[in-house]
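Raw run29.txt, compact mmCIF, C-alpha atoms:
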```
# COMPACT_ATOMS: atom_id res chain seq x y z
CA MET Q 8 -1.26 -0.20 50.48
CA ALA Q 9 -3.90 2.07 51.90
CA SER Q 10 -1.41 3.57 54.36
CA SER Q 11 1.02 4.64 51.63
CA SER Q 12 -1.65 6.49 49.68
CA PRO Q 13 -2.18 9.35 52.22
CA ALA Q 14 1.58 9.96 52.40
CA VAL Q 15 1.76 10.40 48.64
CA SER Q 16 -1.15 12.83 48.65
CA SER Q 17 0.40 14.90 51.46
CA LEU Q 18 3.69 15.01 49.60
CA SER Q 19 2.05 16.21 46.42
CA TRP Q 20 0.01 18.77 48.36
CA SER Q 21 3.10 20.25 50.02
CA SER Q 22 5.07 20.45 46.76
CA SER Q 23 2.19 22.06 44.91
CA SER Q 24 1.71 24.60 47.72
CA TRP Q 25 5.42 25.46 47.46
CA LEU Q 26 4.99 26.18 43.74
CA ASN Q 27 1.77 28.18 44.30
CA ASN Q 28 3.50 30.55 46.73
CA ARG Q 29 6.04 31.64 44.07
CA THR Q 30 5.19 33.86 41.14
CA LEU Q 31 6.72 33.70 37.67
CA THR Q 32 7.99 37.17 36.85
CA THR Q 33 10.41 37.24 33.92
CA THR Q 34 11.50 35.08 31.02
CA THR Q 35 14.84 36.04 29.39
CA ASN Q 36 17.19 34.53 26.83
CA GLU Q 37 19.33 33.13 29.63
CA GLY Q 38 16.53 31.45 31.55
CA ILE Q 39 13.51 31.93 33.81
CA ILE Q 40 13.65 34.14 36.91
CA ILE Q 41 11.19 33.22 39.71
CA ASN Q 42 10.71 35.79 42.54
CA LYS Q 43 9.52 35.30 46.15
CA SER Q 44 9.56 38.34 48.39
CA SER Q 45 13.31 39.16 48.70
CA SER Q 46 14.99 36.07 47.19
CA ALA Q 47 15.42 35.31 43.45
CA PHE Q 48 15.71 31.89 41.87
CA VAL Q 49 17.32 31.81 38.39
CA VAL Q 50 17.23 28.84 36.01
CA LEU Q 51 19.92 29.06 33.31
CA ALA Q 52 20.26 26.89 30.23
CA GLN Q 53 23.72 25.46 29.72
CA LYS Q 54 25.45 26.50 26.52
CA LYS Q 55 26.69 23.78 24.21
CA ALA Q 56 30.40 23.17 24.35
CA ARG Q 57 32.37 24.16 21.26
CA LYS Q 58 32.99 21.03 19.27
CA THR Q 59 35.24 22.55 16.59
CA ARG Q 60 38.51 24.42 16.70
CA LYS Q 61 39.79 27.03 14.25
CA ILE Q 62 43.32 26.01 13.29
CA ILE Q 63 46.15 26.78 10.87
CA LEU Q 64 47.98 23.85 9.28
CA ILE Q 65 51.74 24.04 9.74
CA GLU Q 66 52.39 21.34 7.13
CA ASP Q 67 50.42 19.51 4.45
CA VAL Q 68 48.03 16.88 5.86
CA THR Q 69 46.52 14.37 3.45
CA ASP Q 70 42.74 14.53 3.18
CA VAL Q 71 42.69 17.65 5.41
CA GLY Q 72 44.46 20.54 3.68
CA LYS Q 73 47.64 22.32 2.63
CA LYS Q 74 50.21 24.22 4.67
CA GLY Q 75 48.98 27.65 5.84
CA GLN Q 76 45.31 26.83 5.30
CA LEU Q 77 42.73 28.01 7.88
CA LEU Q 78 40.30 25.25 8.85
CA ASP Q 79 37.59 24.35 11.34
CA VAL Q 80 38.25 20.84 12.66
CA LYS Q 81 36.67 18.75 15.40
CA ALA Q 82 38.20 19.37 18.81
CA GLY Q 83 39.09 15.70 19.30
CA PHE Q 84 40.85 15.46 15.94
CA TYR Q 85 42.97 18.50 16.83
CA ARG Q 86 43.63 17.32 20.41
CA ASN Q 87 44.45 13.71 19.55
CA PHE Q 88 46.18 13.93 16.15
CA LEU Q 89 47.05 17.37 14.78
CA HIS Q 90 48.44 18.98 17.93
CA PRO Q 91 50.59 16.05 19.23
CA SER Q 92 52.13 15.50 15.79
CA GLY Q 93 52.84 19.25 15.41
CA LYS Q 94 50.86 19.58 12.18
CA ALA Q 95 48.53 22.41 13.28
CA ARG Q 96 48.17 25.29 15.73
CA ILE Q 97 45.12 27.06 17.15
CA VAL Q 98 44.44 30.39 15.43
CA THR Q 99 45.49 33.47 17.39
CA PRO Q 100 45.85 37.09 16.22
CA VAL Q 101 49.64 36.87 16.63
CA LEU Q 102 49.78 33.67 14.57
CA LEU Q 103 47.64 35.25 11.83
CA LYS Q 104 50.01 38.23 11.70
CA GLU Q 105 53.05 35.91 11.45
CA MET Q 106 51.40 33.93 8.63
CA LYS Q 107 50.61 37.15 6.73
CA ILE Q 108 54.21 38.36 7.03
CA GLU Q 109 55.48 34.95 5.85
CA GLU Q 110 53.11 35.00 2.84
CA GLU Q 111 54.31 38.49 1.88
CA ARG Q 112 57.94 37.35 2.12
CA ILE Q 113 57.24 34.31 -0.08
CA GLU Q 114 55.40 36.45 -2.66
CA ALA Q 115 58.31 38.93 -2.77
CA GLU Q 116 60.76 36.04 -3.28
CA LYS Q 117 58.66 34.60 -6.11
CA LYS Q 118 58.48 38.01 -7.77
CA ARG Q 119 62.27 38.44 -7.49
CA VAL Q 120 62.94 35.00 -9.02
CA LYS Q 121 60.56 35.76 -11.91
CA GLU Q 122 62.26 39.11 -12.57
CA GLU Q 123 65.67 37.40 -12.70
CA ALA Q 124 64.28 34.82 -15.15
CA LEU Q 125 62.88 37.59 -17.38
CA GLN Q 126 66.25 39.39 -17.41
CA LEU Q 127 68.04 36.17 -18.31
CA ALA Q 128 65.52 35.51 -21.09
CA ARG Q 129 66.19 38.98 -22.55
CA ILE Q 130 69.94 38.28 -22.46
CA PHE Q 131 69.52 34.97 -24.32
CA GLU Q 132 67.29 36.51 -26.97
CA THR Q 133 69.64 39.45 -27.65
CA VAL Q 134 72.84 37.36 -27.85
CA GLY Q 135 72.05 35.95 -31.26
CA ALA Q 136 72.88 32.43 -32.39
CA PHE Q 137 75.25 30.17 -30.51
CA LYS Q 138 77.67 28.42 -32.86
CA VAL Q 139 78.12 24.67 -32.53
CA LYS Q 140 80.89 22.86 -34.43
CA ARG Q 141 80.60 19.17 -35.24
CA LYS Q 142 82.55 16.76 -37.42
CA GLY Q 143 80.83 16.68 -40.78
CA GLY Q 144 79.60 13.61 -42.56
CA LYS Q 145 77.97 12.98 -45.93
CA GLY Q 146 76.01 15.98 -47.21
CA LYS Q 147 74.52 18.00 -44.32
CA LEU Q 148 74.80 15.16 -41.82
CA ILE Q 149 77.00 15.44 -38.75
CA PHE Q 150 78.56 12.71 -36.66
CA GLY Q 151 76.66 12.29 -33.38
CA SER Q 152 74.12 14.87 -32.32
CA VAL Q 153 73.90 18.10 -30.37
CA THR Q 154 72.66 17.53 -26.82
CA ALA Q 155 71.36 19.72 -24.03
CA GLN Q 156 74.71 19.36 -22.23
CA ASP Q 157 76.51 20.76 -25.32
CA LEU Q 158 74.27 23.86 -25.20
CA VAL Q 159 74.83 24.27 -21.45
CA ASP Q 160 78.62 24.12 -21.99
CA ILE Q 161 78.46 26.72 -24.79
CA ILE Q 162 76.32 29.09 -22.68
CA LYS Q 163 78.74 28.75 -19.76
CA ALA Q 164 81.74 29.43 -22.00
CA GLN Q 165 80.24 32.48 -23.74
CA LEU Q 166 78.00 34.09 -21.08
CA GLN Q 167 79.46 32.71 -17.84
CA ARG Q 168 75.97 31.58 -16.78
CA ASP Q 169 75.27 28.22 -15.17
CA ILE Q 170 72.15 26.58 -16.61
CA ASP Q 171 70.66 23.26 -15.56
CA LYS Q 172 70.48 20.91 -18.55
CA ARG Q 173 67.04 19.68 -17.41
CA ILE Q 174 65.46 23.03 -18.36
CA VAL Q 175 66.80 22.78 -21.94
CA SER Q 176 64.44 21.52 -24.64
CA LEU Q 177 66.15 20.75 -27.94
CA PRO Q 178 64.85 19.33 -31.19
CA GLU Q 179 66.77 16.34 -32.53
CA ILE Q 180 69.84 17.77 -34.25
CA ARG Q 181 71.65 15.45 -36.68
CA GLU Q 182 72.28 17.88 -39.55
CA THR Q 183 73.90 21.25 -40.03
CA GLY Q 184 71.63 24.30 -40.01
CA GLU Q 185 69.87 26.67 -37.65
CA TYR Q 186 67.72 25.39 -34.79
CA ILE Q 187 65.77 26.90 -31.92
CA ALA Q 188 66.11 25.56 -28.38
CA GLU Q 189 63.86 26.48 -25.47
CA LEU Q 190 65.01 27.15 -21.94
CA LYS Q 191 62.32 26.91 -19.24
CA LEU Q 192 63.81 29.45 -16.82
CA HIS Q 193 60.65 29.80 -14.70
CA PRO Q 194 57.14 28.27 -14.84
CA ASP Q 195 55.99 31.51 -16.52
CA VAL Q 196 59.18 32.39 -18.47
CA THR Q 197 60.57 30.51 -21.45
CA ALA Q 198 63.54 31.81 -23.43
CA GLN Q 199 64.25 30.84 -27.04
CA VAL Q 200 67.87 30.37 -28.04
CA ARG Q 201 69.11 30.05 -31.62
CA LEU Q 202 71.73 27.43 -32.45
CA ASN Q 203 73.80 27.52 -35.61
CA VAL Q 204 75.22 24.04 -36.23
CA PHE Q 205 78.00 23.73 -38.81
CA ALA Q 206 80.52 21.09 -39.83
CA ASN Q 207 84.27 21.40 -39.46
```
Transcribe the structure of this file into structure tokens.
Amino acid sequence: MASSSPAVSSLSWSSSSWLNNRTLTTTTNEGIIINKSSSAFVVLAQKKARKTRKIILIEDVTDVGKKGQLLDVKAGFYRNFLHPSGKARIVTPVLLKEMKIEEERIEAEKKRVKEEALQLARIFETVGAFKVKRKGGKGKLIFGSVTAQDLVDIIKAQLQRDIDKRIVSLPEIRETGEYIAELKLHPDVTAQVRLNVFAN
């Protein structure tokens, strides 16, 4: 035990003399530079690895986001799930430019569809009342009723326009008289059409 003690003290003496011979000169953001005559010893701190990735979703992903959305996600989630399944791509300047062009094209298409719906609504409102003939019953009653398909057929015959019967909203028509039907041509455009129902 006594023999090992001098070896330890000589080891500590030599290491401390090595440190005493060097002088600390500069401390920078990157690390500490220690100088000895002509050689330099630099200690650098390692930077943390990026643990997130900036991505664009190519399709809707539940609990993550919608198509075209820019997100920061964990690198492992992108590497193991989003990238292999083709649901996302890493953001690049070229990809951002493509997405912007695609958004502009979609906006132009939406604007064009809305303009067409507005023009069609003006046509329906300037036409006047569409006449519907039904077999008459007692008083003002008619046999059967007027349905959305009847209105679609009349519009096609008179205006040569194809309308989907699902966009037609009609009140219940079981008597003669004038009624107003609504056509939902676009989420923002609704046209009102007058119907004049009379008995044969």
- Quick one: residues within 12 Å of Q:Lys117, all atoms listed in the file counted, chain neighbours fewer than 5 positions away excluded, as a list of chain:residue names? Q:Glu110, Q:Glu111, Q:Arg112, Q:Glu122, Q:Glu123, Q:Ala124, Q:His193, Q:Pro194, Q:Asp195
- Query: atom CA of Q:Leu125 and atom CA of Q:Val204 are how many Å apart?
  - Reply: 26.3 Å
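Closest approach to Q:Ala198 from the set Q:Ala95, Q:Ile63, Q:Ala128, Q:Ala82 is made by Q:Ala128, with distances taken over only C-alpha atoms.
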- Task: Find the residues around Q:Leu64 up to 6 Å (all atoms listed in the file counted), leave out those fewer than 6 positions away in its own chain, and share them as a list in words.
- Result: Lys74, Gly75, Gln76, Lys94 and Ala95 of chain Q
- Message: One decimal, in Å: what's the spacing between atom CA of Q:Ser152 and atom CA of Q:Val134?
- Response: 23.0 Å
- Task: Starting from the point (71.5, 17.7, -19.9), work out which residues of protein, DNA or RNA have an atom no more than 10 Å away when counting all atoms listed in the file; state them as an NGL selection string.
- Result: :Q and (154-160 or 170-176)
- Task: Would you kindly return, as a ChimeraX atom specification, each protein, DNA or RNA residue with an atom no farther than 10 Å from any atom of Q:Ile62, considering only C-alpha atoms and excluding same-chain residues fewer than 5 positions away?
- Result: /Q:75-80,85,89-90,94-99
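When atom CA of Q:Glu179 is paired with atom CA of Q:Gln126, their separation reads 27.6 Å.
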- Mind checking which residues fall within 9 Å of Q:Ile149, counting all atoms listed in the file, ignoring those fewer than 5 positions away in the same chain, and posting them as a count of residues only? 10
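Proximity ranking of Q:Val139, Q:Met106, Q:Val200, Q:Ile65 relative to Q:Ile187 places Q:Val200 first, based on all atoms listed in the file.
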